[in-house]
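One file, work-v1.cif, is given below (mmCIF, C-alpha atoms (C1' of nucleotides)).
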data_model
#
loop_
_atom_site.group_PDB
_atom_site.id
_atom_site.type_symbol
_atom_site.label_atom_id
_atom_site.label_comp_id
_atom_site.auth_asym_id
_atom_site.auth_seq_id
_atom_site.Cartn_x
_atom_site.Cartn_y
_atom_site.Cartn_z
ATOM 1 C CA MET O 482 81.358 -50.717 -83.116
ATOM 2 C CA ARG O 483 77.908 -52.024 -83.815
ATOM 3 C CA TYR O 484 74.598 -51.994 -82.017
ATOM 4 C CA TRP O 485 72.179 -54.839 -81.399
ATOM 5 C CA LEU O 486 68.855 -55.714 -79.924
ATOM 6 C CA MET O 487 68.742 -59.023 -78.096
ATOM 7 C CA LYS O 488 65.528 -60.624 -76.909
ATOM 8 C CA SER O 489 65.264 -62.488 -73.649
ATOM 9 C CA GLU O 490 62.197 -63.906 -72.011
ATOM 10 C CA PRO O 491 62.127 -62.406 -68.527
ATOM 11 C CA THR O 492 60.887 -65.709 -67.119
ATOM 12 C CA ASP O 493 64.227 -67.071 -68.318
ATOM 13 C CA VAL O 494 66.629 -64.158 -67.827
ATOM 14 C CA SER O 495 65.231 -60.737 -66.937
ATOM 15 C CA ILE O 496 67.124 -57.477 -66.601
ATOM 16 C CA ASP O 497 66.962 -57.899 -62.827
ATOM 17 C CA ASP O 498 68.348 -61.426 -63.103
ATOM 18 C CA LEU O 499 71.223 -60.025 -65.138
ATOM 19 C CA ALA O 500 71.859 -57.346 -62.515
ATOM 20 C CA GLY O 501 72.169 -60.073 -59.895
ATOM 21 C CA PHE O 502 74.511 -62.375 -61.803
ATOM 22 C CA PRO O 503 78.263 -62.519 -61.036
ATOM 23 C CA ASN O 504 79.910 -59.627 -62.887
ATOM 24 C CA GLN O 505 76.388 -58.786 -64.097
ATOM 25 C CA THR O 506 77.218 -61.004 -67.044
ATOM 26 C CA VAL O 507 75.354 -63.774 -68.839
ATOM 27 C CA ASP O 508 76.300 -66.198 -71.584
ATOM 28 C CA TRP O 509 73.697 -65.757 -74.316
ATOM 29 C CA TYR O 510 72.907 -69.451 -74.530
ATOM 30 C CA GLY O 511 70.209 -71.217 -76.505
ATOM 31 C CA ILE O 512 70.372 -69.425 -79.840
ATOM 32 C CA ARG O 513 69.311 -72.067 -82.382
ATOM 33 C CA ASN O 514 68.758 -69.897 -85.396
ATOM 34 C CA TYR O 515 71.476 -69.572 -88.014
ATOM 35 C CA GLN O 516 70.955 -65.912 -88.790
ATOM 36 C CA ALA O 517 71.184 -64.968 -85.137
ATOM 37 C CA ARG O 518 74.185 -67.249 -84.654
ATOM 38 C CA ASN O 519 75.950 -65.699 -87.617
ATOM 39 C CA PHE O 520 75.483 -62.210 -86.219
ATOM 40 C CA MET O 521 77.243 -63.347 -83.059
ATOM 41 C CA ARG O 522 79.940 -65.275 -84.890
ATOM 42 C CA ASP O 523 80.726 -62.844 -87.682
ATOM 43 C CA GLN O 524 79.895 -59.393 -86.482
ATOM 44 C CA MET O 525 79.742 -59.012 -82.727
ATOM 45 C CA LYS O 526 82.778 -57.484 -81.088
ATOM 46 C CA VAL O 527 83.600 -56.775 -77.470
ATOM 47 C CA GLY O 528 82.133 -53.403 -76.592
ATOM 48 C CA ASP O 529 79.215 -53.534 -79.028
ATOM 49 C CA GLY O 530 76.077 -51.938 -77.618
ATOM 50 C CA VAL O 531 73.044 -54.066 -76.799
ATOM 51 C CA PHE O 532 69.462 -53.211 -76.046
ATOM 52 C CA PHE O 533 68.231 -55.859 -73.635
ATOM 53 C CA TYR O 534 64.665 -56.600 -74.703
ATOM 54 C CA HIS O 535 62.003 -58.445 -72.751
ATOM 55 C CA SER O 536 59.951 -60.651 -75.057
ATOM 56 C CA ASN O 537 56.997 -62.983 -74.662
ATOM 57 C CA CYS O 538 55.737 -61.262 -71.538
ATOM 58 C CA ALA O 539 52.999 -58.926 -70.366
ATOM 59 C CA VAL O 540 54.728 -55.714 -71.490
ATOM 60 C CA PRO O 541 57.398 -56.447 -74.069
ATOM 61 C CA GLY O 542 60.046 -53.788 -74.636
ATOM 62 C CA ILE O 543 63.562 -52.538 -73.985
ATOM 63 C CA ALA O 544 64.446 -53.022 -70.339
ATOM 64 C CA GLY O 545 68.088 -52.024 -70.227
ATOM 65 C CA ILE O 546 71.403 -51.457 -71.912
ATOM 66 C CA ALA O 547 74.175 -54.011 -72.052
ATOM 67 C CA GLU O 548 77.352 -54.652 -73.988
ATOM 68 C CA VAL O 549 79.089 -57.571 -75.588
ATOM 69 C CA CYS O 550 81.911 -58.567 -73.236
ATOM 70 C CA LYS O 551 83.185 -61.796 -74.800
ATOM 71 C CA LEU O 552 83.458 -62.922 -78.412
ATOM 72 C CA ALA O 553 81.404 -65.875 -79.648
ATOM 73 C CA TYR O 554 82.451 -69.332 -78.434
ATOM 74 C CA PRO O 555 80.673 -72.727 -78.456
ATOM 75 C CA ASP O 556 77.385 -72.839 -76.538
ATOM 76 C CA ARG O 557 78.038 -75.506 -73.902
ATOM 77 C CA LEU O 558 74.399 -76.624 -73.782
ATOM 78 C CA GLN O 559 74.534 -78.165 -77.256
ATOM 79 C CA PHE O 560 76.682 -80.986 -75.835
ATOM 80 C CA ILE O 561 74.523 -81.901 -72.838
ATOM 81 C CA LYS O 562 72.477 -84.958 -73.737
ATOM 82 C CA GLY O 563 68.844 -84.643 -72.746
ATOM 83 C CA HIS O 564 69.067 -80.880 -72.372
ATOM 84 C CA LYS O 565 66.519 -78.756 -74.148
ATOM 85 C CA TYR O 566 69.330 -77.236 -76.191
ATOM 86 C CA PHE O 567 71.172 -80.478 -76.925
ATOM 87 C CA ASP O 568 72.113 -80.956 -80.575
ATOM 88 C CA GLU O 569 73.191 -84.455 -81.533
ATOM 89 C CA LYS O 570 74.894 -83.203 -84.659
ATOM 90 C CA ALA O 571 77.205 -80.921 -82.721
ATOM 91 C CA THR O 572 80.585 -82.071 -81.417
ATOM 92 C CA PRO O 573 83.271 -80.203 -79.478
ATOM 93 C CA GLU O 574 85.482 -80.533 -82.586
ATOM 94 C CA ASN O 575 82.728 -79.232 -84.800
ATOM 95 C CA PRO O 576 80.293 -77.177 -82.742
ATOM 96 C CA ARG O 577 77.203 -75.861 -84.431
ATOM 97 C CA TRP O 578 76.002 -73.238 -81.959
ATOM 98 C CA LEU O 579 77.780 -70.294 -80.412
ATOM 99 C CA ASN O 580 77.115 -67.584 -77.911
ATOM 100 C CA VAL O 581 78.703 -64.333 -76.828
ATOM 101 C CA ASP O 582 78.706 -63.056 -73.257
ATOM 102 C CA VAL O 583 76.732 -59.950 -72.428
ATOM 103 C CA LYS O 584 77.284 -57.597 -69.499
ATOM 104 C CA LEU O 585 74.836 -55.157 -68.019
ATOM 105 C CA VAL O 586 75.582 -51.475 -68.523
ATOM 106 C CA ARG O 587 72.480 -50.170 -66.796
ATOM 107 C CA LYS O 588 68.858 -50.897 -66.262
ATOM 108 C CA THR O 589 66.550 -48.344 -67.867
ATOM 109 C CA ARG O 590 62.886 -47.550 -67.708
ATOM 110 C CA LEU O 591 60.864 -50.029 -69.708
ATOM 111 C CA LEU O 592 60.509 -48.620 -73.211
ATOM 112 C CA SER O 593 57.611 -50.698 -74.424
ATOM 113 C CA LEU O 594 57.101 -52.139 -77.867
ATOM 114 C CA LYS O 595 53.970 -50.038 -78.049
ATOM 115 C CA GLU O 596 55.975 -46.877 -77.434
ATOM 116 C CA LEU O 597 58.672 -47.879 -79.935
ATOM 117 C CA ARG O 598 55.962 -48.117 -82.565
ATOM 118 C CA GLU O 599 54.903 -44.552 -81.918
ATOM 119 C CA TYR O 600 58.154 -42.991 -83.159
ATOM 120 C CA GLU O 601 58.481 -42.045 -86.776
ATOM 121 C CA ALA O 602 62.273 -42.300 -86.485
ATOM 122 C CA LEU O 603 62.014 -46.006 -85.721
ATOM 123 C CA THR O 604 59.592 -47.186 -88.382
ATOM 124 C CA ASN O 605 62.321 -49.117 -90.199
ATOM 125 C CA MET O 606 63.658 -50.829 -87.101
ATOM 126 C CA ARG O 607 64.003 -54.595 -87.607
ATOM 127 C CA ILE O 608 62.145 -55.458 -84.448
ATOM 128 C CA LEU O 609 59.121 -53.478 -85.612
ATOM 129 C CA GLN O 610 58.759 -55.128 -88.995
ATOM 130 C CA ARG O 611 55.854 -57.407 -89.578
ATOM 131 C CA GLY O 612 56.551 -61.038 -88.866
ATOM 132 C CA ASN O 613 59.955 -60.397 -87.358
ATOM 133 C CA ARG O 614 60.928 -63.213 -85.028
ATOM 134 C CA LEU O 615 64.686 -63.000 -85.029
ATOM 135 C CA SER O 616 65.969 -62.881 -81.472
ATOM 136 C CA ILE O 617 69.101 -60.902 -82.334
ATOM 137 C CA THR O 618 68.880 -57.994 -84.756
ATOM 138 C CA PRO O 619 71.239 -55.187 -85.734
ATOM 139 C CA VAL O 620 70.257 -51.696 -84.636
ATOM 140 C CA ASP O 621 71.063 -48.729 -86.836
ATOM 141 C CA PRO O 622 73.323 -46.175 -85.071
ATOM 142 C CA LYS O 623 70.695 -43.492 -85.632
ATOM 143 C CA GLU O 624 68.067 -45.704 -84.054
ATOM 144 C CA TRP O 625 70.424 -46.428 -81.170
ATOM 145 C CA GLU O 626 70.998 -42.724 -80.505
ATOM 146 C CA PHE O 627 67.324 -41.930 -80.830
ATOM 147 C CA ILE O 628 66.340 -44.596 -78.337
ATOM 148 C CA LEU O 629 69.113 -43.581 -75.932
ATOM 149 C CA GLY O 630 67.654 -40.097 -76.021
ATOM 150 C CA LYS O 631 64.230 -41.421 -75.135
ATOM 151 C CA LEU O 632 65.654 -43.542 -72.331
ATOM 152 C CA ASN O 633 67.603 -40.617 -70.899
ATOM 153 C CA ALA O 634 64.708 -38.213 -71.173
ATOM 154 C CA GLU O 635 62.704 -39.699 -68.351
ATOM 155 C "C1'" DG S 40 45.482 -69.709 -75.256
ATOM 156 C "C1'" DC S 41 45.209 -68.198 -80.102
ATOM 157 C "C1'" DC S 42 47.253 -67.812 -84.270
ATOM 158 C "C1'" DA S 43 50.066 -65.415 -88.008
ATOM 159 C "C1'" DA S 44 54.472 -65.620 -89.625
ATOM 160 C "C1'" DC S 45 58.456 -67.782 -90.296
ATOM 161 C "C1'" DG S 46 62.177 -71.545 -90.096
ATOM 162 C "C1'" DT S 47 63.341 -76.382 -90.532
ATOM 163 C "C1'" DT S 48 62.788 -81.081 -91.933
ATOM 164 C "C1'" DG S 49 62.466 -84.745 -94.939
ATOM 165 C "C1'" DG S 50 60.141 -87.368 -98.693
ATOM 166 C "C1'" DC S 51 60.190 -87.389 -103.401
ATOM 167 C "C1'" DG N 990 65.695 -78.617 -105.242
ATOM 168 C "C1'" DC N 991 60.690 -78.382 -104.323
ATOM 169 C "C1'" DC N 992 57.326 -77.978 -101.042
ATOM 170 C "C1'" DA N 993 54.021 -79.898 -97.540
ATOM 171 C "C1'" DA N 994 54.018 -80.741 -92.892
ATOM 172 C "C1'" DC N 995 55.449 -79.565 -88.726
ATOM 173 C "C1'" DG N 996 57.571 -76.793 -84.905
ATOM 174 C "C1'" DT N 997 58.606 -72.304 -82.855
ATOM 175 C "C1'" DT N 998 58.226 -67.432 -81.821
ATOM 176 C "C1'" DG N 999 56.030 -63.911 -79.686
ATOM 177 C "C1'" DG N 1000 52.385 -60.242 -79.688
ATOM 178 C "C1'" DC N 1001 47.938 -59.953 -78.357
#
What does the file become when written as structure tokens?
Amino acid sequence: MRYWLMKSEPTDVSIDDLAGFPNQTVDWYGIRNYQARNFMRDQMKVGDGVFFYHSNCAVPGIAGIAEVCKLAYPDRLQFIKGHKYFDEKATPENPRWLNVDVKLVRKTRLLSLKELREYEALTNMRILQRGNRLSITPVDPKEWEFILGKLNAE
DNA sequence: GCCAACGTTGGC
DNA sequence: GCCAACGTTGGC
């Protein structure tokens, strides 16, 4: 069992959107970065823990907890001509992009990026490193437990 | 809206 | 295979 942090722009899919979806589940579409894709393809298993992170918004930070509920499979948007996520080099026989499905566990208080930066225990967290842009990053089990503690504390 | 950092593309 | 140009991410 692994832990992950997955970024979503709340104008696209917010934690409240996720809570309102059927089965409180979303297909994590639109990943067009090989490193992030490979995490989904090679490492993510059903039941893995996910911090649902709001990015590119007024107060970025962790907005809830989710879990992987379906293994990686081809991202359907890569085949839709004219779509933002269309990829002409991808075919159903040889898809290039994948996504897992993610299900809400619970909404939490918003643990802001600013607050994350305040904790000594999290200084090595991927998301906090300079220049980090990767939208899916592994979370160390110790970091996961530490953050859970902070989320449960208030 | 700015811009630093990073990833990708494509000419050579 | 190098690397300049370009595009994207995402905090601020």
Taking all atoms listed in the file into account, name the residue in O:Asp523, O:Asp498, O:Glu599, O:Glu490 that is nearest to chain N.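 Of the candidates, the smallest distance to chain N is held by O:Glu490.
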Would you translate the PyMOL selection byres ((chain N and resi 990-993) around 12) into the concrete set of residues it matches in this file, as a list of chain:residue names? S:DT48, S:DG49, S:DG50, S:DC51, N:DA994, N:DC995
Evaluate the PyMOL selection byres ((chain O and resi 487) around 12) against this structure - the residues, as number ranges by chain, please. O: 484-486, 488-490, 494-496, 509-510, 512, 517-518, 520-521, 525, 529-536, 542-549, 580-583, 607-608, 614-620
Return as number ranges by chain the set of residues that the PyMOL selection byres ((chain O) within 9 of (chain S)) yields on the displayed structure. O: 514, 611-614
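For the atom pair formed by atom CA of Leu585 of chain O and atom CA of Arg513 of chain O, the distance is 22.9 Å, given to one decimal.
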Record the distance separating atom CA of Thr604 of chain O and atom CA of Trp625 of chain O, expressed in Å with one decimal.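 So the answer is 13.0 Å.
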Among listed residues O:Leu591, O:Ala553, O:Val540, O:Ile561, nearest Leu579 of chain O (using only C-alpha atoms): O:Ala553
Gap from atom CA of Lys584 of chain O to atom CA of Val507 of chain O - Å, one decimal: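 Separating atom CA of Lys584 of chain O from atom CA of Val507 of chain O is a distance of 6.5 Å.
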Extending 3 Å beyond the listed atoms of segment 40-49 of chain S on each side, what axis-aligned box results? I want centre and edge lengths in Å to one decimal, as JSON.
{"center_x": 54.3, "center_y": -75.1, "center_z": -85.1, "size_x": 24.1, "size_y": 25.3, "size_z": 25.7}
